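Text of query.pdb (PDB, C-alpha atoms) as supplied:
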ATOM      1  CA  MET A  58       0.000   0.000   0.000  1.00  0.00           C
ATOM      2  CA  GLU A  59       2.958   2.311   0.593  1.00  0.00           C
ATOM      3  CA  ILE A  60       4.037   1.998  -3.053  1.00  0.00           C
ATOM      4  CA  GLN A  61       0.477   2.644  -4.226  1.00  0.00           C
ATOM      5  CA  LYS A  62       0.053   5.797  -2.144  1.00  0.00           C
ATOM      6  CA  ASN A  63       3.528   7.179  -2.799  1.00  0.00           C
ATOM      7  CA  THR A  64       3.122   6.637  -6.537  1.00  0.00           C
ATOM      8  CA  ALA A  65      -0.284   8.326  -6.420  1.00  0.00           C
ATOM      9  CA  LYS A  66       1.209  11.331  -4.629  1.00  0.00           C
ATOM     10  CA  ALA A  67       4.038  11.547  -7.158  1.00  0.00           C
ATOM     11  CA  LEU A  68       1.646  11.486 -10.117  1.00  0.00           C
ATOM     12  CA  LEU A  69      -0.710  14.032  -8.581  1.00  0.00           C
ATOM     13  CA  THR A  70       2.165  16.369  -7.678  1.00  0.00           C
ATOM     14  CA  ILE A  71       3.339  16.697 -11.278  1.00  0.00           C
ATOM     15  CA  GLY A  72      -0.128  16.684 -12.846  1.00  0.00           C
ATOM     16  CA  ALA A  73       0.434  13.344 -14.555  1.00  0.00           C
ATOM     17  CA  VAL A  74      -2.921  12.261 -13.158  1.00  0.00           C
ATOM     18  CA  PHE A  75      -5.433  14.834 -12.100  1.00  0.00           C
ATOM     19  CA  PHE A  76      -9.181  14.910 -11.638  1.00  0.00           C
ATOM     20  CA  ARG A  77     -11.796  17.275 -13.003  1.00  0.00           C
ATOM     21  CA  PRO A  78     -15.166  15.778 -12.033  1.00  0.00           C
ATOM     22  CA  GLN A  79     -16.991  19.084 -12.520  1.00  0.00           C
ATOM     23  CA  GLU A  80     -15.666  19.566 -16.101  1.00  0.00           C
ATOM     24  CA  PRO A  81     -15.065  16.095 -17.586  1.00  0.00           C
ATOM     25  CA  PHE A  82     -12.542  15.406 -20.315  1.00  0.00           C
ATOM     26  CA  THR A  83     -13.781  13.731 -23.500  1.00  0.00           C
ATOM     27  CA  TRP A  84     -11.881  10.660 -24.706  1.00  0.00           C
ATOM     28  CA  ALA A  85     -11.426   9.882 -28.409  1.00  0.00           C
ATOM     29  CA  SER A  86     -14.190   7.293 -28.031  1.00  0.00           C
ATOM     30  CA  GLY A  87     -16.584  10.040 -26.939  1.00  0.00           C
ATOM     31  CA  ILE A  88     -16.739   8.829 -23.337  1.00  0.00           C
ATOM     32  CA  LYS A  89     -16.606  11.635 -20.788  1.00  0.00           C
ATOM     33  CA  SER A  90     -14.034  11.076 -18.058  1.00  0.00           C
ATOM     34  CA  PRO A  91     -13.320  12.887 -14.760  1.00  0.00           C
ATOM     35  CA  VAL A  92      -9.642  11.934 -14.932  1.00  0.00           C
ATOM     36  CA  TYR A  93      -6.751  12.874 -17.187  1.00  0.00           C
ATOM     37  CA  CYS A  94      -3.629  10.734 -17.231  1.00  0.00           C
ATOM     38  CA  ASP A  95      -0.286  11.497 -18.897  1.00  0.00           C
ATOM     39  CA  ASN A  96       2.479   9.455 -17.311  1.00  0.00           C
ATOM     40  CA  ARG A  97       4.969  10.782 -19.872  1.00  0.00           C
ATOM     41  CA  LEU A  98       5.297  13.775 -17.550  1.00  0.00           C
ATOM     42  CA  ILE A  99       7.168  11.524 -15.108  1.00  0.00           C
ATOM     43  CA  LEU A 100      10.176  11.626 -17.431  1.00  0.00           C
ATOM     44  CA  SER A 101      10.607  15.398 -17.074  1.00  0.00           C
ATOM     45  CA  ALA A 102      10.281  15.409 -13.266  1.00  0.00           C
ATOM     46  CA  PRO A 103      13.558  13.974 -11.869  1.00  0.00           C
ATOM     47  CA  ALA A 104      12.457  13.570  -8.235  1.00  0.00           C
ATOM     48  CA  GLN A 105       9.231  11.749  -9.110  1.00  0.00           C
ATOM     49  CA  ARG A 106      10.939   9.824 -11.907  1.00  0.00           C
ATOM     50  CA  LYS A 107      13.469   8.420  -9.432  1.00  0.00           C
ATOM     51  CA  ILE A 108      10.654   7.204  -7.171  1.00  0.00           C
ATOM     52  CA  VAL A 109       8.554   5.632  -9.931  1.00  0.00           C
ATOM     53  CA  GLU A 110      11.400   3.914 -11.788  1.00  0.00           C
ATOM     54  CA  GLN A 111      12.795   2.396  -8.586  1.00  0.00           C
ATOM     55  CA  TYR A 112       9.303   1.155  -7.726  1.00  0.00           C
ATOM     56  CA  ILE A 113       9.037  -0.450 -11.170  1.00  0.00           C
ATOM     57  CA  ALA A 114      12.350  -2.247 -10.664  1.00  0.00           C
ATOM     58  CA  ASP A 115      11.415  -3.316  -7.129  1.00  0.00           C
ATOM     59  CA  THR A 116       7.980  -4.543  -8.265  1.00  0.00           C
ATOM     60  CA  VAL A 117       9.479  -6.634 -11.047  1.00  0.00           C
ATOM     61  CA  LYS A 118      11.963  -8.203  -8.611  1.00  0.00           C
ATOM     62  CA  ALA A 119       9.270  -8.921  -6.005  1.00  0.00           C
ATOM     63  CA  ASN A 120       6.617 -10.326  -8.335  1.00  0.00           C
ATOM     64  CA  TYR A 121       8.660 -11.823 -11.173  1.00  0.00           C
ATOM     65  CA  PRO A 122      12.003 -12.892  -9.660  1.00  0.00           C
ATOM     66  CA  GLU A 123      12.811 -15.041 -12.727  1.00  0.00           C
ATOM     67  CA  CYS A 124      12.650 -12.034 -15.078  1.00  0.00           C
ATOM     68  CA  GLU A 125      15.491 -11.927 -17.603  1.00  0.00           C
ATOM     69  CA  MET A 126      14.406  -8.985 -19.772  1.00  0.00           C
ATOM     70  CA  LEU A 127      12.031  -6.000 -19.741  1.00  0.00           C
ATOM     71  CA  MET A 128       9.932  -5.128 -22.777  1.00  0.00           C
ATOM     72  CA  GLY A 129       8.368  -1.682 -23.041  1.00  0.00           C
ATOM     73  CA  THR A 130       5.134  -0.911 -24.832  1.00  0.00           C
ATOM     74  CA  SER A 131       5.370   1.556 -27.687  1.00  0.00           C
ATOM     75  CA  THR A 132       5.723   4.371 -27.105  1.00  0.00           C
ATOM     76  CA  ALA A 133       4.911   5.329 -23.520  1.00  0.00           C
ATOM     77  CA  GLY A 134       6.432   2.262 -21.867  1.00  0.00           C
ATOM     78  CA  ILE A 135       9.786   2.386 -23.651  1.00  0.00           C
ATOM     79  CA  ALA A 136      11.582   4.925 -21.464  1.00  0.00           C
ATOM     80  CA  HIS A 137      10.268   3.380 -18.242  1.00  0.00           C
ATOM     81  CA  ALA A 138      11.440  -0.072 -19.340  1.00  0.00           C
ATOM     82  CA  ALA A 139      14.863   1.326 -20.244  1.00  0.00           C
ATOM     83  CA  ILE A 140      15.384   3.092 -16.925  1.00  0.00           C
ATOM     84  CA  ALA A 141      14.126   0.168 -14.834  1.00  0.00           C
ATOM     85  CA  ALA A 142      16.251  -2.293 -16.815  1.00  0.00           C
ATOM     86  CA  HIS A 143      19.278  -0.064 -16.183  1.00  0.00           C
ATOM     87  CA  LEU A 144      18.556  -0.139 -12.445  1.00  0.00           C
ATOM     88  CA  MET A 145      18.204  -3.928 -12.580  1.00  0.00           C
ATOM     89  CA  ASP A 146      21.191  -4.390 -14.904  1.00  0.00           C
ATOM     90  CA  ILE A 147      19.214  -6.582 -17.324  1.00  0.00           C
ATOM     91  CA  PRO A 148      18.445  -6.314 -21.067  1.00  0.00           C
ATOM     92  CA  MET A 149      15.445  -4.420 -22.424  1.00  0.00           C
ATOM     93  CA  GLY A 150      13.644  -3.967 -25.690  1.00  0.00           C
ATOM     94  CA  TYR A 151      10.291  -2.758 -26.898  1.00  0.00           C
ATOM     95  CA  VAL A 152       7.361  -3.836 -29.006  1.00  0.00           C
ATOM     96  CA  ARG A 153       5.973  -1.680 -31.794  1.00  0.00           C
ATOM     97  CA  SER A 154       2.244  -1.373 -32.360  1.00  0.00           C
ATOM     98  CA  GLY A 155       2.898  -3.052 -35.714  1.00  0.00           C
ATOM     99  CA  ALA A 156       5.802  -4.334 -37.783  1.00  0.00           C
ATOM    100  CA  LYS A 157       7.924  -1.759 -39.628  1.00  0.00           C
ATOM    101  CA  ASP A 158       7.254  -1.461 -43.351  1.00  0.00           C
ATOM    102  CA  HIS A 159      10.964  -1.097 -44.114  1.00  0.00           C
ATOM    103  CA  GLY A 160      14.360  -2.533 -43.172  1.00  0.00           C
ATOM    104  CA  ARG A 161      14.049  -5.794 -41.271  1.00  0.00           C
ATOM    105  CA  GLN A 162      10.324  -5.149 -40.680  1.00  0.00           C
ATOM    106  CA  ASN A 163      10.707  -5.795 -36.952  1.00  0.00           C
ATOM    107  CA  GLN A 164       7.849  -5.456 -34.498  1.00  0.00           C
ATOM    108  CA  ILE A 165      10.006  -6.456 -31.545  1.00  0.00           C
ATOM    109  CA  GLU A 166      13.157  -4.380 -31.078  1.00  0.00           C
ATOM    110  CA  GLY A 167      16.098  -5.653 -29.071  1.00  0.00           C
ATOM    111  CA  LYS A 168      17.785  -9.069 -29.056  1.00  0.00           C
ATOM    112  CA  MET A 169      15.410 -11.573 -27.489  1.00  0.00           C
ATOM    113  CA  GLU A 170      16.058 -15.288 -27.718  1.00  0.00           C
ATOM    114  CA  PRO A 171      13.124 -17.758 -27.734  1.00  0.00           C
ATOM    115  CA  GLY A 172      12.323 -18.829 -24.192  1.00  0.00           C
ATOM    116  CA  THR A 173      13.460 -15.545 -22.629  1.00  0.00           C
ATOM    117  CA  LYS A 174      11.509 -14.764 -19.468  1.00  0.00           C
ATOM    118  CA  VAL A 175      10.052 -11.311 -20.091  1.00  0.00           C
ATOM    119  CA  VAL A 176       8.079  -8.722 -18.105  1.00  0.00           C
ATOM    120  CA  VAL A 177       6.146  -6.078 -20.041  1.00  0.00           C
ATOM    121  CA  ILE A 178       6.345  -2.481 -18.794  1.00  0.00           C
ATOM    122  CA  GLU A 179       3.259  -0.342 -19.491  1.00  0.00           C
ATOM    123  CA  ASP A 180       2.489   3.205 -18.374  1.00  0.00           C
ATOM    124  CA  LEU A 181      -1.271   2.803 -17.922  1.00  0.00           C
ATOM    125  CA  ILE A 182      -4.014   0.254 -18.497  1.00  0.00           C
ATOM    126  CA  SER A 183      -7.658   1.086 -19.153  1.00  0.00           C
ATOM    127  CA  THR A 184      -9.429  -1.607 -21.207  1.00  0.00           C
ATOM    128  CA  GLY A 185      -6.220  -3.613 -21.662  1.00  0.00           C
ATOM    129  CA  GLY A 186      -6.398  -4.057 -25.422  1.00  0.00           C
ATOM    130  CA  SER A 187      -3.040  -2.554 -26.410  1.00  0.00           C
ATOM    131  CA  VAL A 188      -0.934  -4.266 -23.747  1.00  0.00           C
ATOM    132  CA  ILE A 189      -2.473  -7.651 -24.578  1.00  0.00           C
ATOM    133  CA  GLU A 190      -1.441  -7.140 -28.221  1.00  0.00           C
ATOM    134  CA  VAL A 191       2.130  -6.661 -26.947  1.00  0.00           C
ATOM    135  CA  VAL A 192       1.912  -9.832 -24.854  1.00  0.00           C
ATOM    136  CA  ASP A 193       0.587 -11.767 -27.861  1.00  0.00           C
ATOM    137  CA  ALA A 194       3.413 -10.489 -30.099  1.00  0.00           C
ATOM    138  CA  LEU A 195       6.025 -11.552 -27.555  1.00  0.00           C
ATOM    139  CA  ARG A 196       4.461 -14.967 -27.071  1.00  0.00           C
ATOM    140  CA  ASN A 197       4.311 -15.482 -30.836  1.00  0.00           C
ATOM    141  CA  ALA A 198       8.033 -14.661 -30.962  1.00  0.00           C
ATOM    142  CA  GLY A 199       8.763 -17.372 -28.392  1.00  0.00           C
ATOM    143  CA  ALA A 200       9.073 -15.299 -25.226  1.00  0.00           C
ATOM    144  CA  GLU A 201       7.843 -16.572 -21.887  1.00  0.00           C
ATOM    145  CA  VAL A 202       5.811 -13.584 -20.692  1.00  0.00           C
ATOM    146  CA  LEU A 203       5.812 -13.684 -16.894  1.00  0.00           C
ATOM    147  CA  GLY A 204       3.441 -10.724 -16.613  1.00  0.00           C
ATOM    148  CA  ILE A 205       3.051  -6.961 -16.732  1.00  0.00           C
ATOM    149  CA  VAL A 206       4.100  -4.115 -14.469  1.00  0.00           C
ATOM    150  CA  SER A 207       2.129  -0.928 -15.107  1.00  0.00           C
ATOM    151  CA  ILE A 208       2.371   2.451 -13.440  1.00  0.00           C
ATOM    152  CA  PHE A 209      -1.371   3.084 -13.288  1.00  0.00           C
ATOM    153  CA  THR A 210      -4.532   1.092 -13.954  1.00  0.00           C
ATOM    154  CA  TYR A 211      -8.146   2.182 -13.990  1.00  0.00           C
ATOM    155  CA  ASN A 212      -9.213  -1.274 -12.709  1.00  0.00           C
ATOM    156  CA  MET A 213     -12.058  -1.224 -15.260  1.00  0.00           C
ATOM    157  CA  GLN A 214     -13.882  -4.533 -15.423  1.00  0.00           C
ATOM    158  CA  LYS A 215     -13.362  -4.807 -19.179  1.00  0.00           C
ATOM    159  CA  GLY A 216      -9.609  -4.536 -18.675  1.00  0.00           C
ATOM    160  CA  LEU A 217      -9.588  -7.055 -15.833  1.00  0.00           C
ATOM    161  CA  ASP A 218     -11.637  -9.516 -17.919  1.00  0.00           C
ATOM    162  CA  ARG A 219      -9.336  -9.139 -20.930  1.00  0.00           C
ATOM    163  CA  LEU A 220      -6.209  -9.732 -18.860  1.00  0.00           C
ATOM    164  CA  ALA A 221      -7.780 -12.818 -17.292  1.00  0.00           C
ATOM    165  CA  ALA A 222      -8.819 -14.167 -20.697  1.00  0.00           C
ATOM    166  CA  ALA A 223      -5.270 -13.645 -21.980  1.00  0.00           C
ATOM    167  CA  ASN A 224      -3.937 -15.449 -18.898  1.00  0.00           C
ATOM    168  CA  VAL A 225      -1.564 -12.632 -18.032  1.00  0.00           C
ATOM    169  CA  LYS A 226      -0.892 -11.101 -14.616  1.00  0.00           C
ATOM    170  CA  ASN A 227      -0.642  -7.343 -14.128  1.00  0.00           C
ATOM    171  CA  VAL A 228       0.811  -5.583 -11.099  1.00  0.00           C
ATOM    172  CA  SER A 229       0.272  -1.824 -11.019  1.00  0.00           C
ATOM    173  CA  LEU A 230       2.189   0.628  -8.870  1.00  0.00           C
ATOM    174  CA  THR A 231      -1.085   2.433  -8.195  1.00  0.00           C
ATOM    175  CA  ASN A 232      -4.689   2.411  -9.354  1.00  0.00           C
ATOM    176  CA  PHE A 233      -7.772   4.551  -9.850  1.00  0.00           C
ATOM    177  CA  ASP A 234      -9.239   3.893  -6.402  1.00  0.00           C
ATOM    178  CA  VAL A 235      -6.027   4.722  -4.539  1.00  0.00           C
ATOM    179  CA  ILE A 236      -5.431   7.887  -6.541  1.00  0.00           C
ATOM    180  CA  ALA A 237      -9.006   9.029  -5.901  1.00  0.00           C
ATOM    181  CA  GLU A 238      -8.500   8.470  -2.170  1.00  0.00           C
ATOM    182  CA  VAL A 239      -5.160  10.290  -2.091  1.00  0.00           C
ATOM    183  CA  ALA A 240      -6.531  13.120  -4.249  1.00  0.00           C
ATOM    184  CA  ALA A 241      -9.258  13.697  -1.655  1.00  0.00           C
ATOM    185  CA  GLU A 242      -6.790  13.514   1.238  1.00  0.00           C
ATOM    186  CA  GLU A 243      -4.462  16.009  -0.451  1.00  0.00           C
ATOM    187  CA  GLY A 244      -7.239  18.429  -1.416  1.00  0.00           C
ATOM    188  CA  TYR A 245      -7.191  17.906  -5.180  1.00  0.00           C
ATOM    189  CA  ILE A 246     -10.870  16.897  -5.094  1.00  0.00           C
ATOM    190  CA  GLU A 247     -13.677  16.947  -2.545  1.00  0.00           C
ATOM    191  CA  LYS A 248     -14.343  13.848  -0.459  1.00  0.00           C
ATOM    192  CA  GLU A 249     -17.836  13.561  -1.907  1.00  0.00           C
ATOM    193  CA  ASP A 250     -16.372  13.358  -5.416  1.00  0.00           C
ATOM    194  CA  ILE A 251     -14.956   9.880  -4.727  1.00  0.00           C
ATOM    195  CA  ALA A 252     -18.336   8.146  -5.174  1.00  0.00           C
ATOM    196  CA  ARG A 253     -18.803   9.866  -8.534  1.00  0.00           C
ATOM    197  CA  LEU A 254     -15.332   8.825  -9.654  1.00  0.00           C
ATOM    198  CA  ILE A 255     -15.941   5.198  -8.684  1.00  0.00           C
ATOM    199  CA  ALA A 256     -19.299   5.284 -10.501  1.00  0.00           C
ATOM    200  CA  PHE A 257     -17.436   6.353 -13.648  1.00  0.00           C
ATOM    201  CA  ARG A 258     -14.862   3.589 -13.175  1.00  0.00           C
ATOM    202  CA  ASN A 259     -17.582   0.971 -12.725  1.00  0.00           C
ATOM    203  CA  ASN A 260     -19.516   2.023 -15.840  1.00  0.00           C
ATOM    204  CA  PRO A 261     -17.758   4.583 -18.075  1.00  0.00           C
ATOM    205  CA  SER A 262     -20.635   4.672 -20.581  1.00  0.00           C
ATOM    206  CA  ASP A 263     -23.123   5.822 -17.907  1.00  0.00           C
ATOM    207  CA  GLU A 264     -22.768   9.601 -17.600  1.00  0.00           C
ATOM    208  CA  SER A 265     -25.183  10.034 -14.694  1.00  0.00           C
ATOM    209  CA  TRP A 266     -22.206  10.498 -12.351  1.00  0.00           C
ATOM    210  CA  ILE A 267     -21.603  13.893 -13.989  1.00  0.00           C
ATOM    211  CA  GLY A 268     -24.733  15.284 -12.389  1.00  0.00           C
ATOM    212  CA  GLY A 269     -23.865  13.729  -9.080  1.00  0.00           C
ATOM    213  CA  THR A 270     -26.798  11.306  -9.134  1.00  0.00           C
ATOM    214  CA  LYS A 271     -24.568   8.364  -8.257  1.00  0.00           C
TER     215      LYS A 271
END
Would it be possible to restate this file's structure as structure tokens?
Amino acid sequence: MEIQKNTAKALLTIGAVFFRPQEPFTWASGIKSPVYCDNRLILSAPAQRKIVEQYIADTVKANYPECEMLMGTSTAGIAHAAIAAHLMDIPMGYVRSGAKDHGRQNQIEGKMEPGTKVVVIEDLISTGGSVIEVVDALRNAGAEVLGIVSIFTYNMQKGLDRLAAANVKNVSLTNFDVIAEVAAEEGYIEKEDIARLIAFRNNPSDESWIGGTK
């Protein structure tokens, strides 16, 4: 729980995750959301970056002690995988969203032998679709994917169901519920906003939370 709360505080401090329940953001899908997340901002905040990257390395060691290589998701997970792999003194690579249309036409970058025990590093997980594509690409290339370490997850049921169906474990440094709790404690949102945020998380397509009816 210490890692979850400290990560939440770090993300809130630099505005990587912040809440706006009164004026929701609109996702590309059209869904209105009370939360905005941009974990790329971690990279330009040295103090918070040091905390988060060490937590990633520690979480990999604690949950996947057999890990031989980190694989970042393209593009947001690449830098985090590189820094954590440097701290762990192990190889890293990354997986493109699709194979290149030139050169060697690689989708997986970095030297990875079949049978390599790999952990995927992802910045955030919502519905889980993109990270599962990365896991599938690695498995098809012969990797033994031990699991995922992500910085933040919404804990949406669709994402949890997809990860379970893909038979892949995810360990997040922090999650939507913890960040909502810390945001209220630190004064970023009102305490009564938490119920509205959880209502969004439970059913993103139901916008009744916006009016405070849930």
Item to check | All residues 6 Å or closer to range 65-74 of chain A, only C-alpha atoms, same chain fewer than 4 positions away omitted, as a count of residues only | outcome: 7
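Closest to Gly204 in chain A among A:Leu254, A:Val152, A:Cys124, A:Ala138 is A:Cys124, based on only C-alpha atoms.
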_Atomic separation - CA of Thr132 in chain A relative to CA of Pro261 in chain A, Å_ =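 Atom-to-atom, CA of Pro261 in chain A to CA of Thr132 in chain A, that is 25.2 Å.
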With distances taken over all atoms listed in the file, the candidate from A:Ile182, A:Glu247, A:Lys62, A:Val192 nearest Phe76 in chain A is A:Glu247
The PyMOL selection byres ((chain A and resi 91) around 8) on the file shown: which residues, as a list in words?
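This file, filtered by the PyMOL selection byres ((chain A and resi 91) around 8), leaves Phe76, Arg77, Pro78, Gln79, Glu80, Pro81, Phe82, Lys89, Ser90, Val92, Tyr93, Leu254 and Phe257 of chain A.
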### Given the PyMOL selection byres ((chain A and resi 106) around 12), the residues it picks as a list in words
Thr64, Ala67, Leu68, Thr70, Ile71, Ala73, Asn96, Arg97, Leu98, Ile99, Leu100, Ser101, Ala102, Pro103, Ala104, Gln105, Lys107, Ile108, Val109, Glu110, Gln111, Tyr112, Ile113, Ala136, His137, Ile140, Ala141 and Ile208 of chain A
### Task
Choose the residue, out of A:Ile251, A:Lys174, A:Ala114, A:Asn120, that has the smallest atom-to-atom separation from His143 in chain A; count all atoms listed in the file.
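Distance minimum relative to His143 in chain A lands on A:Ala114.
CA of Ser187 in chain A lies 10.3 Å from CA of Gly216 in chain A.
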Q.
Going by the chain IDs and residue numbers used in this file, which residues fall under the PyMOL selection byres ((chain A and resi 211) around 8)? Write them as number ranges by chain.
A. A: 181-183, 209-210, 212-213, 232-234, 258
In Å and to one decimal, CA of Val188 in chain A is distant from CA of Ala139 in chain A by 17.1 Å
With all atoms listed in the file as the atoms that count, which of A:Lys215, A:Asn197, A:Asp180, A:Leu127 lies nearest to Asp146 in chain A?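 Among the listed residues, the smallest separation from Asp146 in chain A belongs to A:Leu127.
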- [ ] Name the closest residue to Val225 in chain A among the candidates A:Gly129, A:Pro171, A:Gly134, A:Gly185; distances are taken between atoms, counting all atoms listed in the file.
- [x]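 Checking each candidate against Val225 in chain A, we get A:Gly185 as the closest.
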Please put the answer as AutoDock Vina command-line options: centre and edge lengths, in Å with one decimal, of a box along x, y and z that encloses all listed atoms of range 164-172 of chain A plus 8 Å on each side.
--center_x 12.8 --center_y -11.6 --center_z -29.3 --size_x 25.9 --size_y 30.4 --size_z 26.3
- Closest to Ile165 in chain A among A:Ile267, A:Leu220, A:Ile205, A:Ala194, using all atoms listed in the file?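 Smallest separation from Ile165 in chain A among the options: A:Ala194.
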For Tyr151 in chain A, list every protein, DNA or RNA residue within 7 Å, evaluated using only C-alpha atoms, and leave out those in the same chain fewer than 5 positions away; present the list as a tab-separated table (two decimals) with C-alpha atoms, keeping the file's coordinate frame.
chain	number	residue	atom	x	y	z
A	128	MET	CA	9.93	-5.13	-22.78
A	129	GLY	CA	8.37	-1.68	-23.04
A	130	THR	CA	5.13	-0.91	-24.83
A	131	SER	CA	5.37	1.56	-27.69
A	135	ILE	CA	9.79	2.39	-23.65
A	165	ILE	CA	10.01	-6.46	-31.54
A	166	GLU	CA	13.16	-4.38	-31.08
A	167	GLY	CA	16.10	-5.65	-29.07
*Name all residues at most 8 Å from range 242-246 of chain A (count all atoms listed in the file; drop same-chain ones fewer than 2 positions away) and give them as number ranges by chain.*
A: 75-77, 238-240, 248, 250
